[in-house]
$ cat coords-v4.csv   # CSV, C-alpha atoms
chain,number,residue,atom,x,y,z
A,31,MET,CA,114.9,122.6,-0.2
A,32,GLN,CA,114.4,118.9,-0.3
A,33,THR,CA,112.5,117.4,2.6
A,34,ILE,CA,114.5,114.7,4.5
A,35,ASN,CA,112.7,111.6,5.6
A,36,ILE,CA,114.0,109.9,8.8
A,37,VAL,CA,112.6,106.4,8.8
A,38,THR,CA,112.7,104.4,12.0
A,39,ILE,CA,112.1,100.7,12.0
A,40,ILE,CA,111.2,98.9,15.2
A,41,ASP,CA,111.4,95.2,15.9
A,42,VAL,CA,108.4,95.5,18.1
A,43,LEU,CA,108.3,91.8,19.1
A,44,GLY,CA,112.0,92.0,20.1
A,45,ALA,CA,111.6,95.3,22.0
A,46,LEU,CA,108.5,94.1,24.0
A,47,SER,CA,110.1,90.7,24.7
A,48,LYS,CA,113.3,92.2,26.0
A,49,GLY,CA,111.7,95.3,27.5
A,50,SER,CA,114.2,97.5,25.7
A,51,LEU,CA,114.7,99.2,22.4
A,52,GLN,CA,118.4,98.4,22.4
A,53,ASN,CA,119.3,96.4,19.3
A,54,ASN,CA,115.6,96.6,18.2
A,55,ILE,CA,115.7,100.1,16.6
A,56,TYR,CA,117.1,100.9,13.2
A,57,MET,CA,117.1,104.4,11.7
A,58,VAL,CA,117.9,105.5,8.2
A,59,ASP,CA,117.4,108.7,6.3
A,60,ASN,CA,117.8,110.0,2.7
A,61,SER,CA,120.1,112.9,3.5
A,62,TRP,CA,123.4,113.3,1.7
A,63,ASN,CA,125.9,113.0,4.4
A,64,SER,CA,124.4,111.4,7.5
A,65,GLU,CA,126.3,109.2,9.9
A,66,ASN,CA,125.5,105.9,11.6
A,67,GLN,CA,122.9,104.9,9.0
A,68,GLY,CA,121.0,101.8,10.1
A,69,THR,CA,121.7,102.3,13.8
A,70,SER,CA,120.0,103.8,16.7
A,71,ASP,CA,122.5,106.6,16.7
A,72,LEU,CA,121.6,108.1,13.4
A,73,VAL,CA,123.0,111.6,12.9
A,74,THR,CA,121.0,113.3,10.1
A,75,SER,CA,122.8,116.0,8.2
A,76,CYS,CA,120.5,119.0,7.5
A,77,TYR,CA,120.5,122.7,6.7
A,78,PRO,CA,118.7,125.5,8.4
A,79,GLY,CA,115.3,125.9,6.8
A,80,GLN,CA,115.1,122.3,5.7
A,81,PRO,CA,111.9,120.3,6.4
A,82,ILE,CA,112.2,117.0,8.1
A,83,ASN,CA,109.6,114.2,8.3
A,84,TRP,CA,109.8,111.4,10.8
A,85,ILE,CA,108.2,108.1,9.7
A,86,ILE,CA,108.0,105.0,11.7
A,87,HIS,CA,107.4,101.4,10.6
A,88,ALA,CA,107.1,98.2,12.6
A,89,MET,CA,109.1,95.2,11.3
A,90,ASP,CA,106.1,93.0,11.5
A,91,VAL,CA,102.9,94.5,9.9
A,92,GLN,CA,100.8,93.0,12.7
A,93,THR,CA,102.6,94.9,15.5
A,94,PRO,CA,101.9,98.7,15.2
A,95,VAL,CA,104.1,101.3,16.6
A,96,LEU,CA,103.6,105.1,16.8
A,97,ILE,CA,105.7,108.1,17.6
A,98,ASP,CA,104.2,109.6,20.7
A,99,SER,CA,106.5,112.6,20.8
A,100,ILE,CA,109.8,114.0,19.7
A,101,ASN,CA,111.7,116.2,22.1
A,102,PHE,CA,115.1,117.9,21.6
A,103,LEU,CA,117.6,117.5,24.4
A,104,ASP,CA,120.1,119.9,25.9
A,105,LYS,CA,123.7,118.9,26.9
A,106,ASP,CA,122.5,117.0,30.0
A,107,ARG,CA,120.0,115.1,28.0
A,108,GLN,CA,117.2,116.9,29.7
A,109,TYR,CA,114.3,118.1,27.6
A,110,SER,CA,115.1,121.4,26.1
A,111,VAL,CA,112.8,124.2,25.3
A,112,SER,CA,115.5,126.6,24.0
A,113,HIS,CA,115.9,125.2,20.5
A,114,GLY,CA,112.3,125.8,19.7
A,115,PHE,CA,112.0,123.3,16.9
A,116,ASP,CA,110.2,120.5,18.7
A,117,ALA,CA,108.3,118.5,16.1
A,118,LYS,CA,104.5,118.7,16.2
A,119,PRO,CA,102.1,116.5,14.4
A,120,VAL,CA,100.9,118.5,11.5
A,121,LEU,CA,97.9,117.9,9.3
A,122,GLY,CA,98.9,116.4,6.0
A,123,THR,CA,97.2,117.4,2.8
A,124,ALA,CA,94.9,114.3,2.8
A,125,PRO,CA,92.2,113.9,5.4
A,126,HIS,CA,93.2,112.0,8.5
A,127,TRP,CA,96.8,111.8,7.7
A,128,TYR,CA,99.0,113.1,10.5
A,129,THR,CA,102.7,113.0,10.3
A,130,TRP,CA,105.6,114.1,12.5
A,131,SER,CA,107.3,116.9,10.7
A,132,GLY,CA,109.4,119.9,11.5
A,133,ILE,CA,111.5,122.6,9.9
A,134,VAL,CA,115.1,123.3,11.1
A,135,PRO,CA,114.9,127.0,12.2
A,136,CYS,CA,116.9,129.4,10.1
A,137,TYR,CA,118.5,131.1,13.2
A,138,LEU,CA,119.9,127.9,14.6
A,139,PRO,CA,123.7,127.8,15.0
A,140,ALA,CA,125.5,124.8,13.3
A,141,GLY,CA,126.0,121.8,15.5
A,142,GLU,CA,124.6,118.5,16.7
A,143,TYR,CA,121.2,118.5,18.2
A,144,ARG,CA,120.2,115.3,20.0
A,145,TYR,CA,116.5,114.4,20.4
A,146,SER,CA,114.4,111.9,22.2
A,147,LEU,CA,111.9,109.7,20.4
A,148,LYS,CA,109.0,108.5,22.6
A,149,LEU,CA,107.5,105.4,21.0
A,150,GLN,CA,104.3,103.7,21.8
A,151,MET,CA,103.8,100.0,21.0
A,152,GLY,CA,100.2,99.0,21.7
A,153,ARG,CA,98.9,99.7,25.1
A,154,GLY,CA,99.5,98.7,28.7
A,155,GLN,CA,102.5,98.6,31.0
A,156,ASN,CA,105.9,98.9,29.3
A,157,SER,CA,104.3,99.9,26.0
A,158,ILE,CA,106.1,103.2,25.9
A,159,MET,CA,109.9,103.3,25.3
A,160,TYR,CA,112.4,106.1,24.6
A,161,SER,CA,115.4,106.5,22.4
A,162,ASP,CA,117.7,109.4,23.2
A,163,ALA,CA,120.3,108.4,20.7
A,164,PRO,CA,119.5,110.1,17.4
A,165,ALA,CA,120.5,113.6,16.5
A,166,LEU,CA,120.3,116.2,13.8
A,167,ASN,CA,123.6,117.7,12.5
A,168,VAL,CA,122.8,121.2,11.4
A,169,ASN,CA,125.3,122.5,8.7
A,170,LEU,CA,125.8,126.0,7.6
A,171,LEU,CA,124.5,126.8,4.1
B,233,MET,CA,105.9,76.6,13.2
B,234,SER,CA,108.2,79.4,13.8
B,235,GLN,CA,107.5,83.0,13.1
B,236,GLN,CA,107.5,84.1,9.5
B,237,LEU,CA,110.5,86.3,8.8
B,238,ALA,CA,110.2,89.7,7.3
B,239,ILE,CA,113.2,91.1,5.4
B,240,LEU,CA,112.8,94.8,5.0
B,241,ILE,CA,114.7,96.3,2.0
B,242,MET,CA,115.2,100.0,2.7
B,243,ILE,CA,116.5,101.9,-0.4
B,244,ASP,CA,117.6,105.5,-0.7
B,245,THR,CA,116.0,105.6,-4.2
B,246,ALA,CA,117.4,108.9,-5.5
B,247,ALA,CA,120.9,108.1,-4.3
B,248,ALA,CA,120.8,104.6,-5.8
B,249,ILE,CA,119.7,105.9,-9.2
B,250,LYS,CA,122.4,108.5,-9.2
B,251,ALA,CA,125.1,106.0,-8.2
B,252,GLY,CA,123.8,103.4,-10.6
B,253,ASN,CA,124.1,100.7,-7.9
B,254,LEU,CA,122.4,99.7,-4.7
B,255,ALA,CA,125.4,98.6,-2.6
B,256,ASP,CA,125.9,101.9,-0.8
B,257,HIS,CA,122.2,102.9,-0.6
B,258,ILE,CA,120.5,99.8,0.6
B,259,TYR,CA,119.8,98.7,4.2
B,260,LEU,CA,118.4,95.3,4.9
B,261,ILE,CA,116.8,94.5,8.2
B,262,ASP,CA,115.1,91.3,9.3
B,263,ASN,CA,113.4,90.1,12.5
B,264,ALA,CA,115.7,87.1,13.1
B,265,LYS,CA,118.5,89.0,14.9
B,266,TRP,CA,117.7,87.0,18.1
B,267,VAL,CA,118.2,83.8,16.0
B,268,GLY,CA,121.6,85.0,14.9
B,269,SER,CA,121.2,87.2,11.8
B,270,THR,CA,124.2,89.5,11.2
B,271,GLY,CA,124.7,92.8,9.4
B,272,GLU,CA,121.3,94.2,10.4
B,273,ALA,CA,120.5,97.5,8.7
B,274,THR,CA,123.5,97.3,6.5
B,275,ALA,CA,124.0,96.0,2.9
B,276,ASN,CA,125.6,92.8,4.3
B,277,LEU,CA,122.6,91.2,6.0
B,278,VAL,CA,122.9,87.4,6.5
B,279,THR,CA,119.5,86.1,7.6
B,280,ALA,CA,119.7,83.2,10.1
B,281,VAL,CA,117.3,80.4,9.8
B,282,ASP,CA,117.1,77.6,12.5
B,283,GLY,CA,117.1,74.5,10.4
B,284,THR,CA,116.2,71.6,12.7
B,285,ARG,CA,112.5,71.3,13.0
B,286,VAL,CA,109.7,68.8,12.8
B,287,ARG,CA,109.6,67.6,9.2
B,288,SER,CA,106.4,68.7,7.8
B,289,GLN,CA,105.3,71.2,5.3
B,290,MET,CA,103.5,73.2,7.9
B,291,ASP,CA,106.8,73.7,9.6
B,292,ALA,CA,108.6,75.3,6.7
B,293,GLN,CA,110.3,78.6,7.4
B,294,VAL,CA,108.8,81.5,5.4
B,295,LEU,CA,110.7,84.6,4.3
B,296,ASN,CA,108.9,87.8,3.1
B,297,TRP,CA,110.7,90.6,1.3
B,298,LEU,CA,109.2,94.1,1.8
B,299,PRO,CA,110.9,96.9,-0.2
B,300,TYR,CA,110.7,100.5,1.1
B,301,GLY,CA,111.9,103.8,-0.4
B,302,ILE,CA,113.4,105.9,2.4
B,303,GLY,CA,111.9,109.0,0.8
B,304,ASP,CA,108.5,107.4,0.3
B,305,LEU,CA,105.3,108.4,1.9
B,306,PRO,CA,104.3,106.0,4.7
B,307,HIS,CA,103.0,102.8,3.2
B,308,SER,CA,100.4,102.6,6.0
B,309,LEU,CA,98.4,105.3,4.1
B,310,PRO,CA,95.3,103.9,2.4
B,311,GLN,CA,96.0,102.8,-1.1
B,312,SER,CA,93.4,105.2,-2.5
B,313,PHE,CA,95.6,108.0,-1.3
B,314,PHE,CA,98.1,107.2,-4.0
B,315,LEU,CA,95.6,107.4,-6.8
B,316,SER,CA,95.3,110.4,-9.1
B,317,PRO,CA,92.1,112.5,-8.8
B,318,ALA,CA,91.1,111.1,-12.2
B,319,ALA,CA,91.5,107.5,-11.0
B,320,LYS,CA,89.4,108.2,-7.9
B,321,LYS,CA,86.7,109.6,-10.2
B,322,THR,CA,86.9,106.6,-12.4
B,323,ILE,CA,86.5,104.3,-9.4
B,324,ASN,CA,83.5,106.3,-8.2
B,325,ALA,CA,81.9,106.2,-11.6
B,326,THR,CA,82.5,102.6,-12.4
B,327,LEU,CA,82.3,100.8,-9.0
B,328,VAL,CA,80.9,103.0,-6.2
B,329,HIS,CA,78.0,104.7,-8.1
B,330,PRO,CA,77.8,102.7,-11.4
B,331,ALA,CA,74.4,104.0,-12.2
B,332,SER,CA,75.3,107.7,-11.9
B,333,ASP,CA,76.1,110.0,-14.8
B,334,PRO,CA,79.9,109.8,-15.5
B,335,GLN,CA,79.9,113.5,-16.3
B,336,ALA,CA,78.6,114.4,-12.8
B,337,PRO,CA,81.2,115.4,-10.2
B,338,ALA,CA,82.2,112.2,-8.5
B,339,GLY,CA,83.8,111.9,-5.0
B,340,SER,CA,84.4,115.0,-3.1
B,341,ALA,CA,88.2,114.3,-3.1
B,342,ALA,CA,88.2,114.1,-6.9
B,343,ALA,CA,86.1,117.3,-7.2
B,344,ASP,CA,88.3,119.2,-4.8
B,345,GLU,CA,91.5,118.4,-6.7
B,346,ALA,CA,90.1,118.5,-10.2
B,347,ALA,CA,91.1,122.1,-10.5
B,348,THR,CA,94.8,121.5,-10.8
B,349,ALA,CA,96.6,121.3,-14.1
B,350,THR,CA,97.7,117.7,-13.6
B,351,ALA,CA,94.1,116.7,-13.0
B,352,SER,CA,92.9,118.1,-16.2
B,353,VAL,CA,95.6,116.4,-18.2
B,354,ALA,CA,95.0,113.1,-16.4
B,355,THR,CA,91.2,113.4,-16.7
B,356,ALA,CA,91.5,113.8,-20.5
B,357,ARG,CA,93.5,110.6,-20.7
B,358,VAL,CA,91.2,108.5,-18.5
B,359,ALA,CA,88.1,109.8,-20.3
B,360,ALA,CA,89.3,108.1,-23.4
B,361,ASP,CA,89.5,104.8,-21.5
B,362,GLU,CA,86.2,105.2,-19.7
B,363,PRO,CA,83.6,102.7,-20.7
B,364,SER,CA,80.4,103.9,-22.3
B,365,PRO,CA,77.4,103.8,-20.0
B,366,HIS,CA,76.2,100.7,-21.9
B,367,ALA,CA,79.4,98.8,-21.2
B,368,ARG,CA,79.1,99.1,-17.5
B,369,GLY,CA,77.8,95.6,-17.0
B,370,ALA,CA,80.9,94.2,-18.5
B,371,GLN,CA,82.9,95.5,-15.5
B,372,HIS,CA,85.5,97.1,-17.7
B,373,ILE,CA,87.8,99.0,-15.3
B,374,PRO,CA,90.3,101.4,-17.0
B,375,ARG,CA,93.9,101.6,-15.9
B,376,LEU,CA,94.2,103.6,-12.7
B,377,GLU,CA,97.0,106.2,-12.6
B,378,ALA,CA,99.0,107.1,-9.6
B,379,LYS,CA,98.9,110.6,-8.2
B,380,ARG,CA,101.9,112.8,-9.0
B,381,MET,CA,102.8,114.3,-5.7
B,382,ASP,CA,105.6,115.7,-3.6
B,383,ILE,CA,107.1,114.1,-0.5
B,384,THR,CA,104.3,115.5,1.7
B,385,GLY,CA,101.6,113.9,-0.4
B,386,ALA,CA,100.5,117.2,-2.0
B,387,LEU,CA,99.4,117.0,-5.6
B,388,LEU,CA,102.0,118.5,-7.9
B,389,GLY,CA,100.7,120.4,-10.8
B,390,LYS,CA,102.7,120.6,-14.1
B,391,SER,CA,103.6,124.2,-13.7
B,392,LYS,CA,105.0,123.9,-10.1
B,393,ALA,CA,107.2,120.9,-10.9
B,394,LYS,CA,108.3,122.2,-14.3
B,395,GLY,CA,112.0,121.7,-14.7
B,396,ASN,CA,112.4,120.2,-11.3
B,397,THR,CA,111.5,116.5,-11.3
B,398,ALA,CA,113.3,116.2,-8.0
B,399,LEU,CA,110.2,117.6,-6.4
B,400,TYR,CA,108.3,114.4,-7.1
B,401,THR,CA,108.1,111.6,-4.5
B,402,TYR,CA,109.5,108.4,-6.1
B,403,PRO,CA,107.2,105.5,-6.6
B,404,MET,CA,108.0,102.6,-4.3
B,405,PRO,CA,110.9,100.3,-5.3
B,406,LEU,CA,109.7,97.0,-6.7
B,407,VAL,CA,111.2,93.5,-6.3
B,408,THR,CA,110.8,91.9,-9.7
B,409,ASN,CA,112.5,88.6,-9.2
B,410,ILE,CA,114.7,86.6,-6.8
B,411,THR,CA,117.3,84.3,-8.3
B,412,GLY,CA,120.8,83.1,-7.5
B,413,GLU,CA,122.6,80.3,-5.7
B,414,ALA,CA,119.9,79.7,-3.1
B,415,VAL,CA,117.3,79.4,-5.8
B,416,ASP,CA,119.4,77.2,-8.1
B,417,LYS,CA,120.2,74.8,-5.3
B,418,TYR,CA,116.6,74.6,-4.2
B,419,VAL,CA,117.3,76.1,-0.8
B,420,ILE,CA,114.6,78.8,-1.2
B,421,PHE,CA,111.5,78.7,-3.4
B,422,PRO,CA,110.5,82.3,-4.1
B,423,ALA,CA,107.3,83.5,-5.7
B,424,GLN,CA,105.3,86.6,-6.0
B,425,TYR,CA,102.0,86.6,-4.1
B,426,GLY,CA,99.0,88.9,-3.9
B,427,SER,CA,97.5,89.9,-0.6
B,428,PRO,CA,95.6,92.7,1.0
B,429,ASP,CA,98.9,93.7,2.5
B,430,LEU,CA,99.5,97.4,2.4
B,431,PHE,CA,103.0,97.0,1.1
B,432,SER,CA,103.9,97.1,-2.6
B,433,LYS,CA,100.4,97.6,-3.9
B,434,GLY,CA,99.2,94.2,-2.6
B,435,LEU,CA,102.0,92.2,-4.2
B,436,TYR,CA,104.9,90.8,-2.4
B,437,TRP,CA,107.7,88.3,-2.8
B,438,SER,CA,107.9,85.4,-0.4
B,439,ALA,CA,109.8,82.1,-0.2
B,440,THR,CA,109.8,78.9,1.8
B,441,VAL,CA,113.1,77.5,2.9
B,442,ASP,CA,114.3,73.9,2.6
B,443,THR,CA,115.9,73.9,6.0
B,444,ASN,CA,117.6,70.5,5.3
B,445,LYS,CA,120.2,72.4,3.3
B,446,VAL,CA,122.5,73.7,6.0
B,447,GLY,CA,124.9,76.4,5.0
B,448,THR,CA,125.2,80.0,3.8
B,449,TYR,CA,123.7,80.7,0.4
B,450,ALA,CA,123.6,83.8,-1.7
B,451,TYR,CA,120.5,85.0,-3.5
B,452,THR,CA,120.0,87.9,-5.9
B,453,LEU,CA,117.3,90.5,-5.5
B,454,HIS,CA,116.2,92.1,-8.8
B,455,ILE,CA,114.9,95.5,-7.9
B,456,THR,CA,113.4,98.1,-10.2
B,457,LEU,CA,113.5,101.8,-9.2
B,458,PHE,CA,111.8,104.6,-11.1
B,459,ASN,CA,113.5,107.8,-12.1
B,460,PRO,CA,111.4,110.9,-13.0
B,461,TYR,CA,112.1,112.7,-16.2
B,462,GLU,CA,110.2,115.3,-18.3
B,463,LYS,CA,108.8,114.2,-21.6
B,464,ASP,CA,106.7,116.5,-23.7
B,465,GLY,CA,106.1,118.7,-20.6
B,466,GLU,CA,104.9,115.8,-18.5
B,467,VAL,CA,106.7,113.8,-16.0
B,468,ALA,CA,107.4,110.2,-16.9
B,469,TRP,CA,109.1,107.4,-15.0
B,470,GLU,CA,112.1,105.6,-16.4
B,471,PRO,CA,112.5,102.2,-14.8
B,472,VAL,CA,116.0,101.5,-13.5
B,473,ALA,CA,116.7,97.8,-13.0
B,474,LEU,CA,119.3,96.9,-10.5
B,475,THR,CA,120.4,93.7,-8.7
B,476,PHE,CA,121.7,93.1,-5.3
B,477,ASP,CA,123.1,90.0,-3.5
B,478,SER,CA,122.1,89.0,-0.1
B,479,TYR,CA,122.5,85.9,2.0
B,480,ILE,CA,120.7,83.4,4.2
B,481,ASN,CA,122.4,81.1,6.7
B,482,VAL,CA,120.6,77.9,7.4
B,483,THR,CA,121.9,76.3,10.6
B,484,ASN,CA,121.1,73.0,12.2
B,485,GLU,CA,120.0,74.7,15.4
B,486,ALA,CA,116.7,73.6,16.7
B,487,THR,CA,113.7,75.8,16.0
B,488,ARG,CA,113.0,78.3,18.7
B,489,ASN,CA,110.1,80.6,19.3
B,490,GLY,CA,109.3,83.4,21.7
B,491,PHE,CA,107.5,81.1,24.1
B,492,LEU,CA,110.3,78.8,24.8
B,493,LYS,CA,113.3,79.8,26.9
B,494,VAL,CA,115.5,77.1,25.5
B,495,PRO,CA,115.6,75.6,22.0
B,496,GLN,CA,113.5,72.5,21.8
B,497,MET,CA,111.6,70.5,19.3
B,498,LEU,CA,108.0,71.3,19.1
B,499,PRO,CA,105.6,68.3,19.4
B,500,ALA,CA,104.8,66.7,16.2

$ encode --input "coords-v4.csv" --output "structure tokens"
Amino acid sequence: MQTINIVTIIDVLGALSKGSLQNNIYMVDNSWNSENQGTSDLVTSCYPGQPINWIIHAMDVQTPVLIDSINFLDKDRQYSVSHGFDAKPVLGTAPHWYTWSGIVPCYLPAGEYRYSLKLQMGRGQNSIMYSDAPALNVNLL
Amino acid sequence: MSQQLAILIMIDTAAAIKAGNLADHIYLIDNAKWVGSTGEATANLVTAVDGTRVRSQMDAQVLNWLPYGIGDLPHSLPQSFFLSPAAKKTINATLVHPASDPQAPAGSAAADEAATATASVATARVAADEPSPHARGAQHIPRLEAKRMDITGALLGKSKAKGNTALYTYPMPLVTNITGEAVDKYVIFPAQYGSPDLFSKGLYWSATVDTNKVGTYAYTLHITLFNPYEKDGEVAWEPVALTFDSYINVTNEATRNGFLKVPQMLPA
């Protein structure tokens, strides 16, 4: 099955100036039927068993941003442990290349699964921001 | 001088090639939203440029276009990551250890990966280009091939990818020219530059803006995508040239920057 890339673009200067990711985060993917492309509310269509990569880029090459963690949320937008497909940084095939990647579990019922992106922009106070808006939409095969 | 503007061109390469147009599979994002750009992360971006500024060349607004394939590997990976094992071996043999025997195993990366089918094919090809030991002083560097890999960056051998070119990760989209109204009317002056930038293999398109010309102007991006197909049992890349119109809006607002709460003229 084709791997899906979910690419997040952050306007780091905008986010740090305003102290908020609102209007400074843009998400796109290369899935076939995703909704809200180009917004913070991207809903990525995927199938059970499909691999997903999360890639992040800063708008300005001089302002790095990293994904600190990815957590799936339950209905109350609390961190959930029940889905069991929290992304982990896995070792790529090249030395020193770590990427955020995960596989949609085969046993997962169809539906929308919201997740939280924890982003780190440099160091210091207010360098960590969250977005709880994106989701995966798991379809039945 | 105000901040240089980046215009990110995000393209779903596979979908755009299939559709034969970019309109539904391109997302443009710039970092001038706070100045008033509209249509961020859609195909209808209008990049806002504050026009009124101290009249000097130093002050010109600069635009940079950075194309991305959504399905690409992260561009922040070192450029050597994208080279074929044979190309790495060539670099080792010609540049890193020019005195060593070209037949000896080169870098560890090349040696590790040399076992795959792709590598043996590619090695044979590069070997023909490789300079003789006597020609080393002439600094002849053969053409370096890109690695054929899947979306995780793993080397794809011929047998694994046979009959399924969709497995290959697409090469990055290239901007090949910028034309159109804004160029014809001398509003923007685009050119391709080389830099140690990680994007686009060190080449990128940039333009300065004549901010006297207030108004909305269209420009045409000429973009080349690469479509994999099998030819004589090997993967080849067919270039697919597409164009796309985007816009800049030059206003007579005063230049602002992040340090100033209210717009104001910077001291001359």

$ closest_atom_pairs --input "coords-v4.csv" --of "chain A" --to "chain B" --cutoff "7 Å" --atoms "only C-alpha atoms" --output "JSON lines"
{"residue": "A:Asn35", "atom": "CA", "partner": "B:Gly303", "partner_atom": "CA", "distance": 5.5}
{"residue": "A:Val37", "atom": "CA", "partner": "B:Ile302", "partner_atom": "CA", "distance": 6.5}
{"residue": "A:Asp41", "atom": "CA", "partner": "B:Asn263", "partner_atom": "CA", "distance": 6.4}
{"residue": "A:Tyr56", "atom": "CA", "partner": "B:Ala273", "partner_atom": "CA", "distance": 6.6}
{"residue": "A:Asp59", "atom": "CA", "partner": "B:Ile302", "partner_atom": "CA", "distance": 6.2}
{"residue": "A:Asn60", "atom": "CA", "partner": "B:Asp244", "partner_atom": "CA", "distance": 5.6}
{"residue": "A:Gly68", "atom": "CA", "partner": "B:Ala273", "partner_atom": "CA", "distance": 4.5}
{"residue": "A:Ile85", "atom": "CA", "partner": "B:Pro306", "partner_atom": "CA", "distance": 6.7}
{"residue": "A:Met89", "atom": "CA", "partner": "B:Asn263", "partner_atom": "CA", "distance": 6.8}
{"residue": "A:Asp90", "atom": "CA", "partner": "B:Ala238", "partner_atom": "CA", "distance": 6.7}
{"residue": "A:Gly122", "atom": "CA", "partner": "B:Thr384", "partner_atom": "CA", "distance": 7.0}
{"residue": "A:Thr123", "atom": "CA", "partner": "B:Ala386", "partner_atom": "CA", "distance": 5.8}

$ residues_around --input "coords-v4.csv" --residues "Ile158 in chain A" --least-positions-apart "3" --cutoff "10 Å" --atoms "only C-alpha atoms" --output "PDB file with C-alpha atoms, keeping the file's coordinate frame"
ATOM      1  CA  LEU A  46     108.500  94.100  24.000  1.00  0.00           C
ATOM      2  CA  GLY A  49     111.700  95.300  27.500  1.00  0.00           C
ATOM      3  CA  SER A  50     114.200  97.500  25.700  1.00  0.00           C
ATOM      4  CA  VAL A  95     104.100 101.300  16.600  1.00  0.00           C
ATOM      5  CA  LEU A  96     103.600 105.100  16.800  1.00  0.00           C
ATOM      6  CA  ILE A  97     105.700 108.100  17.600  1.00  0.00           C
ATOM      7  CA  ASP A  98     104.200 109.600  20.700  1.00  0.00           C
ATOM      8  CA  LYS A 148     109.000 108.500  22.600  1.00  0.00           C
ATOM      9  CA  LEU A 149     107.500 105.400  21.000  1.00  0.00           C
ATOM     10  CA  GLN A 150     104.300 103.700  21.800  1.00  0.00           C
ATOM     11  CA  MET A 151     103.800 100.000  21.000  1.00  0.00           C
ATOM     12  CA  GLY A 152     100.200  99.000  21.700  1.00  0.00           C
ATOM     13  CA  ARG A 153      98.900  99.700  25.100  1.00  0.00           C
ATOM     14  CA  GLY A 154      99.500  98.700  28.700  1.00  0.00           C
ATOM     15  CA  GLN A 155     102.500  98.600  31.000  1.00  0.00           C
TER      16      GLN A 155
END

$ closest_residue --input "coords-v4.csv" --among "A:Ser131, A:Ser61, A:Thr38, A:Ser47" --to "His87 in chain A" --atoms "all atoms listed in the file"
A:Thr38

$ atom_distance --input "coords-v4.csv" --atom1 "CA of Val441 in chain B" --atom2 "CA of Ala414 in chain B"
9.3 Å

$ closest_residue --input "coords-v4.csv" --among "B:Asp477, B:Asp256, B:Glu485, B:Glu413" --to "Gly283 in chain B" --atoms "all atoms listed in the file"
B:Glu485

$ atom_distance --input "coords-v4.csv" --atom1 "CA of Thr93 in chain A" --atom2 "CA of Tyr479 in chain B"
25.7 Å

$ atom_distance --input "coords-v4.csv" --atom1 "CA of Val407 in chain B" --atom2 "CA of Glu466 in chain B"
26.2 Å

$ residues_around --input "coords-v4.csv" --residues "range 69-84 of chain A" --least-positions-apart "4" --cutoff "6 Å" --atoms "only C-alpha atoms" --output "ChimeraX atom specification"
/A:31,33-36,55-57,63-65,130-136,163-169

$ residues_around --input "coords-v4.csv" --residues "Ser146 in chain A" --least-positions-apart "6" --cutoff "6 Å" --atoms "all atoms listed in the file" --output "PyMOL selection string"
chain A and resi 100-101+161-162

$ write_last_selection --input "coords-v4.csv" --atoms "C-alpha atoms" --output "CSV table (one decimal), in the coordinates of the input"
chain,number,residue,atom,x,y,z
A,100,ILE,CA,109.8,114.0,19.7
A,101,ASN,CA,111.7,116.2,22.1
A,161,SER,CA,115.4,106.5,22.4
A,162,ASP,CA,117.7,109.4,23.2

$ axis_aligned_box --input "coords-v4.csv" --around "range 43-49 of chain A" --padding-each-side "4 Å" --output "AutoDock Vina command-line options"
--center_x 110.8 --center_y 93.0 --center_z 23.3 --size_x 13.0 --size_y 12.6 --size_z 16.4

$ decode --input "coords-v4.csv" --residues "range 298-304 of chain B" --atoms "N, CA, C and O atoms" --output "CSV table (one decimal), in the first residue's frame"
chain,number,residue,atom,x,y,z
B,298,LEU,N,10.1,28.2,-3.8
B,298,LEU,CA,10.7,26.9,-3.3
B,298,LEU,C,9.7,25.8,-3.6
B,298,LEU,O,8.7,25.7,-2.9
B,299,PRO,N,9.9,25.0,-4.7
B,299,PRO,CA,9.0,23.9,-5.0
B,299,PRO,C,9.2,22.7,-4.1
B,299,PRO,O,10.4,22.4,-3.8
B,300,TYR,N,8.1,22.1,-3.7
B,300,TYR,CA,8.2,20.9,-2.9
B,300,TYR,C,7.2,19.8,-3.5
B,300,TYR,O,6.1,20.2,-3.8
B,301,GLY,N,7.6,18.6,-3.5
B,301,GLY,CA,6.6,17.5,-3.8
B,301,GLY,C,6.1,17.1,-2.4
B,301,GLY,O,6.9,16.8,-1.5
B,302,ILE,N,4.8,16.9,-2.3
B,302,ILE,CA,4.2,16.5,-1.0
B,302,ILE,C,4.7,15.1,-0.7
B,302,ILE,O,5.0,14.7,0.4
B,303,GLY,N,4.9,14.2,-1.7
B,303,GLY,CA,5.3,12.9,-1.5
B,303,GLY,C,6.8,12.7,-1.4
B,303,GLY,O,7.3,11.6,-1.3
B,304,ASP,N,7.6,13.9,-1.4
B,304,ASP,CA,9.0,13.8,-1.4
B,304,ASP,C,9.6,13.4,0.0
B,304,ASP,O,8.9,13.6,1.0
